[in-house]
$ cat run03.cif   # mmCIF, C-alpha atoms
data_start
loop_
_atom_site.label_atom_id
_atom_site.label_comp_id
_atom_site.auth_asym_id
_atom_site.auth_seq_id
_atom_site.Cartn_x
_atom_site.Cartn_y
_atom_site.Cartn_z
CA TYR A 252 -17.11 11.13 4.75
CA GLY A 253 -15.04 8.00 4.31
CA LEU A 254 -17.95 6.22 2.69
CA MET A 255 -18.67 9.11 0.33
CA ALA A 256 -15.05 9.09 -0.80
CA PHE A 257 -14.26 5.41 -0.84
CA ILE A 258 -17.43 3.83 -2.23
CA PRO A 259 -16.78 5.29 -5.70
CA LEU A 260 -13.05 4.57 -5.45
CA PHE A 261 -13.84 0.99 -4.51
CA LEU A 262 -16.24 0.60 -7.42
CA VAL A 263 -13.64 1.87 -9.88
CA GLY A 264 -10.52 0.37 -8.34
CA MET A 265 -11.77 -2.99 -7.09
CA LEU A 266 -14.81 -3.75 -9.23
CA GLY A 267 -13.55 -2.19 -12.46
CA GLN A 268 -16.56 0.05 -12.94
CA SER A 269 -16.68 3.37 -14.77
CA GLU A 270 -16.53 6.74 -13.08
CA VAL A 271 -20.08 7.39 -14.31
CA LEU A 272 -21.41 4.33 -12.50
CA SER A 273 -19.43 5.24 -9.40
CA SER A 274 -20.89 8.74 -9.44
CA THR A 275 -24.33 7.20 -9.77
CA ALA A 276 -23.63 5.14 -6.65
CA ILE A 277 -22.93 8.31 -4.69
CA SER A 278 -26.13 9.87 -6.04
CA VAL A 279 -28.04 6.80 -4.86
CA PHE A 280 -26.24 7.07 -1.51
CA SER A 281 -27.21 10.74 -1.14
CA ILE A 282 -30.87 10.20 -2.03
CA ALA A 283 -31.21 7.25 0.36
CA ALA A 284 -29.43 9.24 3.06
CA ALA A 285 -31.84 12.17 2.61
CA LEU A 286 -34.84 9.86 2.92
CA ALA A 287 -33.35 8.24 6.03
CA THR A 288 -32.78 11.67 7.56
CA ALA A 289 -36.42 12.54 6.94
CA LEU A 290 -37.54 9.35 8.73
CA SER A 291 -35.08 9.65 11.59
CA GLY A 292 -37.33 11.30 14.15
CA ARG A 293 -40.20 8.86 13.75
CA VAL A 294 -37.93 5.84 13.94
CA ALA A 295 -36.12 7.21 17.01
CA GLU A 296 -39.46 7.79 18.75
CA LYS A 297 -40.36 4.13 18.28
CA THR A 298 -36.99 2.57 19.08
CA GLY A 299 -35.27 5.08 21.33
CA THR A 300 -32.37 7.21 20.17
CA ILE A 301 -29.53 5.25 21.74
CA SER A 302 -30.94 1.92 20.59
CA LEU A 303 -31.30 3.34 17.07
CA MET A 304 -27.73 4.65 17.14
CA THR A 305 -26.40 1.29 18.30
CA ALA A 306 -28.32 -0.69 15.69
CA CYS A 307 -27.31 1.68 12.88
CA CYS A 308 -23.63 1.55 13.86
CA VAL A 309 -23.66 -2.27 13.94
CA LEU A 310 -25.51 -2.40 10.62
CA MET A 311 -23.06 0.06 9.14
CA GLY A 312 -20.07 -2.00 10.31
CA ILE A 313 -21.53 -5.20 8.89
CA GLY A 314 -22.45 -3.42 5.65
CA ILE A 315 -18.95 -2.02 5.24
CA VAL A 316 -17.35 -5.42 5.80
CA GLY A 317 -19.75 -6.90 3.26
CA PHE A 318 -18.92 -4.11 0.83
CA ALA A 319 -15.17 -4.62 1.30
CA PHE A 320 -15.32 -8.30 0.37
CA ASN A 321 -17.99 -8.01 -2.32
CA GLY A 322 -17.29 -8.63 -5.98
CA ILE A 323 -20.77 -8.07 -7.40
CA VAL A 324 -21.78 -4.62 -8.64
CA ALA A 325 -25.51 -5.06 -7.94
CA LEU A 326 -24.73 -6.11 -4.36
CA ALA A 327 -22.41 -3.10 -4.03
CA PHE A 328 -25.34 -0.83 -4.95
CA ALA A 329 -27.64 -2.60 -2.47
CA LEU A 330 -25.02 -2.24 0.25
CA THR A 331 -24.61 1.42 -0.68
CA LEU A 332 -28.31 1.89 0.07
CA VAL A 333 -28.00 0.05 3.38
CA LEU A 334 -24.96 2.09 4.36
CA ALA A 335 -26.67 5.38 3.51
CA VAL A 336 -29.70 4.50 5.60
CA ALA A 337 -27.62 3.21 8.50
CA LEU A 338 -25.46 6.33 8.49
CA ASP A 339 -28.16 8.97 8.24
CA LEU A 340 -31.07 7.36 10.04
CA PHE A 341 -29.63 8.07 13.46
CA TYR A 342 -27.65 11.26 12.92
CA PRO A 343 -30.42 13.88 13.48
CA SER A 344 -31.60 12.02 16.56
CA ALA A 345 -28.03 11.87 17.87
CA VAL A 346 -27.77 15.65 17.51
CA ALA A 347 -31.07 16.00 19.39
CA LEU A 348 -29.74 13.65 22.09
CA GLY A 349 -26.69 15.88 22.46
CA MET A 350 -29.00 18.87 22.84
CA GLY A 351 -30.81 17.05 25.62
CA TYR A 352 -27.58 16.82 27.60
CA VAL A 353 -27.15 20.62 27.60
CA PRO A 354 -30.67 22.04 27.25
CA ARG A 355 -29.62 25.61 28.03
CA HIS A 356 -27.12 25.65 25.18
CA LEU A 357 -28.93 24.09 22.23
CA GLY A 358 -27.00 26.01 19.60
CA MET A 359 -23.68 25.04 21.14
CA ALA A 360 -24.73 21.38 21.40
CA SER A 361 -25.89 21.32 17.80
CA GLY A 362 -22.79 23.11 16.56
CA LEU A 363 -20.49 20.79 18.47
CA SER A 364 -22.31 17.67 17.26
CA TYR A 365 -22.15 18.71 13.65
CA GLY A 366 -18.81 20.48 13.87
CA ILE A 367 -16.97 17.59 15.48
CA ALA A 368 -18.33 15.16 12.89
CA VAL A 369 -17.22 17.38 10.01
CA CYS A 370 -13.88 18.22 11.61
CA ALA A 371 -13.04 14.60 12.49
CA GLY A 372 -14.01 13.45 9.02
CA GLY A 373 -11.90 16.16 7.43
CA MET A 374 -8.89 15.25 9.55
CA VAL A 375 -9.13 11.48 9.09
CA GLU A 376 -9.97 11.45 5.38
CA PRO A 377 -6.39 12.18 4.21
CA LEU A 378 -5.10 9.43 6.51
CA LEU A 379 -7.52 6.98 4.93
CA GLY A 380 -6.30 8.12 1.53
CA LEU A 381 -2.71 7.43 2.56
CA GLU A 382 -3.75 4.01 3.83
CA GLY A 383 -5.56 3.29 0.57
CA ASP A 384 -2.53 4.28 -1.50
CA ALA A 385 -0.15 2.28 0.69
CA ILE A 386 -2.01 -0.97 1.32
CA GLY A 387 -5.24 -0.92 -0.67
CA LEU A 388 -8.92 -0.09 -0.48
CA VAL A 389 -10.07 -3.17 1.45
CA PRO A 390 -8.07 -2.16 4.55
CA VAL A 391 -9.58 1.33 4.30
CA MET A 392 -13.08 -0.16 4.30
CA LEU A 393 -12.16 -2.38 7.23
CA ALA A 394 -10.87 0.66 9.13
CA LEU A 395 -14.23 2.36 8.51
CA ALA A 396 -16.00 -0.77 9.73
CA ALA A 397 -13.85 -0.76 12.88
CA VAL A 398 -14.89 2.84 13.57
CA SER A 399 -18.54 1.80 13.16
CA PHE A 400 -18.17 -1.08 15.60
CA LEU A 401 -16.34 1.19 18.06
CA ALA A 402 -19.20 3.67 17.79
CA ALA A 403 -21.69 0.86 18.50
CA PHE A 404 -19.70 -0.12 21.59
CA LEU A 405 -19.69 3.51 22.78
CA CYS A 406 -23.47 3.67 22.22
CA VAL A 407 -23.91 0.59 24.42
CA MET A 408 -21.79 2.27 27.11
CA LEU A 409 -23.84 5.46 26.75
CA LYS A 410 -27.04 3.49 27.19
CA ARG A 411 -25.67 1.90 30.35
CA LEU A 412 -24.62 5.29 31.72
CA SER A 413 -28.05 6.71 30.88
CA SER A 414 -29.70 3.89 32.83
CA VAL A 415 -27.73 4.64 35.99
#
$ encode --input "run03.cif" --output "structure tokens"
Amino acid sequence: YGLMAFIPLFLVGMLGQSEVLSSTAISVFSIAAALATALSGRVAEKTGTISLMTACCVLMGIGIVGFAFNGIVALAFALTLVLAVALDLFYPSAVALGMGYVPRHLGMASGLSYGIAVCAGGMVEPLLGLEGDAIGLVPVMLALAAVSFLAAFLCVMLKRLSSV
């Protein structure tokens, strides 16, 4: 949710682009995300769900840092594509992984996986907005990158726990 909100704000506020172009960036983001979601299962089968989650979180963190310090509109669009793919390529497989942990309660696992993501995003989004207003958009992007790297670390820990 942070990316959906702050990519267009960044394009307008930091790169001086129009609202039309910024809206186009979110359209590009959404289309790339939908395609990544469609490919998620096949990619997870080949790489393993936890490995895919880890790689996507690292890629997302790197992409966000690159986006935060970028001054080129074309590169911002390319990074928007990368971020969309990194974000949505692993999400359906992560929900399925959660279902695997509680196979007798698939609906609950799915609802929790999706519900927690939406709820956490909804609670944190205003805080990111306050941060953006107070100290700027680059720190907001860096906070999003930090969350991505934390998620990658947690995926590594999950993989180690799964191996035990």
$ closest_residue --input "run03.cif" --among "A:Ser302, A:Met350, A:Leu254, A:Ala285" --to "A:Leu330" --atoms "only C-alpha atoms"
A:Leu254
$ closest_atom_pairs --input "run03.cif" --of "stretch 279-354 of chain A" --to "stretch 372-391 of chain A" --cutoff "9 Å" --atoms "all atoms listed in the file" --output "Markdown table"
| residue | atom | partner | partner_atom | distance |
| --- | --- | --- | --- | --- |
| A:Val316 | CA | A:Val389 | CA | 8.8 |
| A:Phe318 | CA | A:Val389 | CA | 8.9 |
| A:Ala319 | CA | A:Val389 | CA | 5.3 |
| A:Phe320 | CA | A:Val389 | CA | 7.4 |
$ closest_residue --input "run03.cif" --among "A:Ile301, A:Ala289, A:Ala402, A:Ala347" --to "A:Ser364" --atoms "all atoms listed in the file"
A:Ala347
$ atom_distance --input "run03.cif" --atom1 "atom CA of A:Tyr342" --atom2 "atom CA of A:Ser291"
7.7 Å
$ closest_residue --input "run03.cif" --among "A:Ala295, A:Ala396, A:Ala283, A:Ala371" --to "A:Leu310" --atoms "only C-alpha atoms"
A:Ala396
$ closest_atom_pairs --input "run03.cif" --of "stretch 317-337 of chain A" --to "stretch 259-270 of chain A" --cutoff "8 Å" --atoms "all atoms listed in the file" --output "tab-separated table"
residue	atom	partner	partner_atom	distance
A:Gly322	CA	A:Leu266	CA	6.4
A:Ile323	CA	A:Leu266	CA	7.6
A:Val324	CA	A:Leu266	CA	7.0
A:Ala327	CA	A:Leu262	CA	8.0
$ write_last_selection --input "run03.cif" --atoms "C-alpha atoms" --output "PDB file, in the coordinates of the input"
ATOM      1  CA  GLY A 322     -17.290  -8.630  -5.980  1.00  0.00           C
ATOM      2  CA  ILE A 323     -20.770  -8.070  -7.400  1.00  0.00           C
ATOM      3  CA  VAL A 324     -21.780  -4.620  -8.640  1.00  0.00           C
ATOM      4  CA  ALA A 327     -22.410  -3.100  -4.030  1.00  0.00           C
TER       5      ALA A 327
END
$ resolve_selection --input "run03.cif" --expression "the PyMOL selection byres ((chain A and resi 365) around 12)" --output "compact mmCIF listing (two decimals) with C-alpha atoms, keeping the file's coordinate frame"
# COMPACT_ATOMS: atom_id res chain seq x y z
CA TYR A 342 -27.65 11.26 12.92
CA PRO A 343 -30.42 13.88 13.48
CA SER A 344 -31.60 12.02 16.56
CA ALA A 345 -28.03 11.87 17.87
CA VAL A 346 -27.77 15.65 17.51
CA ALA A 347 -31.07 16.00 19.39
CA GLY A 349 -26.69 15.88 22.46
CA MET A 350 -29.00 18.87 22.84
CA GLY A 358 -27.00 26.01 19.60
CA MET A 359 -23.68 25.04 21.14
CA ALA A 360 -24.73 21.38 21.40
CA SER A 361 -25.89 21.32 17.80
CA GLY A 362 -22.79 23.11 16.56
CA LEU A 363 -20.49 20.79 18.47
CA SER A 364 -22.31 17.67 17.26
CA GLY A 366 -18.81 20.48 13.87
CA ILE A 367 -16.97 17.59 15.48
CA ALA A 368 -18.33 15.16 12.89
CA VAL A 369 -17.22 17.38 10.01
CA CYS A 370 -13.88 18.22 11.61
CA ALA A 371 -13.04 14.60 12.49
CA GLY A 372 -14.01 13.45 9.02
$ atom_distance --input "run03.cif" --atom1 "atom CA of A:Ala287" --atom2 "atom CA of A:Arg411"
26.3 Å
$ decode --input "run03.cif" --residues "stretch 314-406 of chain A" --atoms "C-alpha atoms" --output "short mmCIF file (atom, residue, chain, number, x, y, z; two decimals), in the first residue's frame"
data_model
loop_
_atom_site.label_atom_id
_atom_site.label_comp_id
_atom_site.auth_asym_id
_atom_site.auth_seq_id
_atom_site.Cartn_x
_atom_site.Cartn_y
_atom_site.Cartn_z
CA GLY A 314 14.29 -1.35 -5.92
CA ILE A 315 12.81 1.03 -3.37
CA VAL A 316 16.23 2.40 -2.42
CA GLY A 317 16.99 2.87 -6.12
CA PHE A 318 13.65 4.60 -6.59
CA ALA A 319 14.25 6.90 -3.61
CA PHE A 320 17.55 8.20 -4.99
CA ASN A 321 16.56 8.24 -8.65
CA GLY A 322 16.18 11.43 -10.64
CA ILE A 323 15.28 9.97 -14.04
CA VAL A 324 11.63 9.48 -14.97
CA ALA A 325 12.25 6.54 -17.34
CA LEU A 326 14.21 4.74 -14.61
CA ALA A 327 11.39 5.47 -12.16
CA PHE A 328 8.98 3.69 -14.51
CA ALA A 329 11.36 0.74 -14.90
CA LEU A 330 11.72 0.51 -11.14
CA THR A 331 7.94 0.71 -10.80
CA LEU A 332 7.70 -2.42 -12.94
CA VAL A 333 10.37 -4.18 -10.88
CA LEU A 334 8.65 -3.24 -7.64
CA ALA A 335 5.26 -4.44 -8.86
CA VAL A 336 6.68 -7.80 -9.90
CA ALA A 337 8.69 -8.19 -6.69
CA LEU A 338 5.67 -7.35 -4.56
CA ASP A 339 3.07 -9.52 -6.24
CA LEU A 340 5.12 -12.45 -7.50
CA PHE A 341 5.34 -14.03 -4.07
CA TYR A 342 2.11 -12.96 -2.40
CA PRO A 343 -0.25 -15.75 -3.61
CA SER A 344 2.37 -18.36 -2.80
CA ALA A 345 2.85 -16.84 0.65
CA VAL A 346 -0.89 -17.17 1.29
CA ALA A 347 -0.71 -20.80 0.15
CA LEU A 348 2.27 -21.34 2.47
CA GLY A 349 0.20 -19.99 5.35
CA MET A 350 -2.56 -22.42 4.43
CA GLY A 351 -0.06 -25.25 4.59
CA TYR A 352 0.68 -24.42 8.22
CA VAL A 353 -2.99 -24.89 9.21
CA PRO A 354 -4.44 -27.31 6.64
CA ARG A 355 -7.67 -27.85 8.56
CA HIS A 356 -8.48 -24.16 8.55
CA LEU A 357 -7.76 -22.98 5.01
CA GLY A 358 -10.32 -20.20 5.05
CA MET A 359 -8.99 -18.84 8.33
CA ALA A 360 -5.39 -19.01 7.08
CA SER A 361 -6.29 -17.23 3.86
CA GLY A 362 -8.37 -14.61 5.65
CA LEU A 363 -5.62 -13.94 8.18
CA SER A 364 -2.93 -13.70 5.50
CA TYR A 365 -4.90 -11.23 3.44
CA GLY A 366 -6.57 -9.49 6.37
CA ILE A 367 -3.36 -8.81 8.25
CA ALA A 368 -1.70 -7.40 5.13
CA VAL A 369 -4.62 -5.06 4.46
CA CYS A 370 -5.01 -4.10 8.11
CA ALA A 371 -1.30 -3.43 8.66
CA GLY A 372 -1.11 -1.40 5.48
CA GLY A 373 -4.16 0.62 6.48
CA MET A 374 -2.73 1.34 9.92
CA VAL A 375 0.78 2.25 8.77
CA GLU A 376 -0.18 4.32 5.72
CA PRO A 377 -1.21 7.42 7.73
CA LEU A 378 2.05 7.22 9.69
CA LEU A 379 4.00 7.18 6.44
CA GLY A 380 1.99 10.20 5.32
CA LEU A 381 2.91 12.03 8.51
CA GLU A 382 6.55 11.11 7.97
CA GLY A 383 6.38 12.34 4.39
CA ASP A 384 4.86 15.66 5.44
CA ALA A 385 7.36 16.12 8.27
CA ILE A 386 10.67 15.06 6.74
CA GLY A 387 10.11 14.28 3.07
CA LEU A 388 9.38 11.49 0.63
CA VAL A 389 12.87 9.96 0.50
CA PRO A 390 12.71 8.91 4.17
CA VAL A 391 9.29 7.36 3.51
CA MET A 392 10.74 5.30 0.68
CA LEU A 393 13.66 4.29 2.87
CA ALA A 394 11.23 3.21 5.59
CA LEU A 395 9.44 1.04 3.02
CA ALA A 396 12.79 -0.40 1.96
CA ALA A 397 13.61 -1.18 5.60
CA VAL A 398 10.34 -3.09 5.92
CA SER A 399 11.24 -5.06 2.79
CA PHE A 400 14.67 -5.97 4.14
CA LEU A 401 13.13 -6.93 7.50
CA ALA A 402 10.68 -9.17 5.65
CA ALA A 403 13.59 -10.79 3.78
CA PHE A 404 15.35 -11.44 7.10
CA LEU A 405 12.18 -13.00 8.52
CA CYS A 406 11.89 -15.20 5.41
#
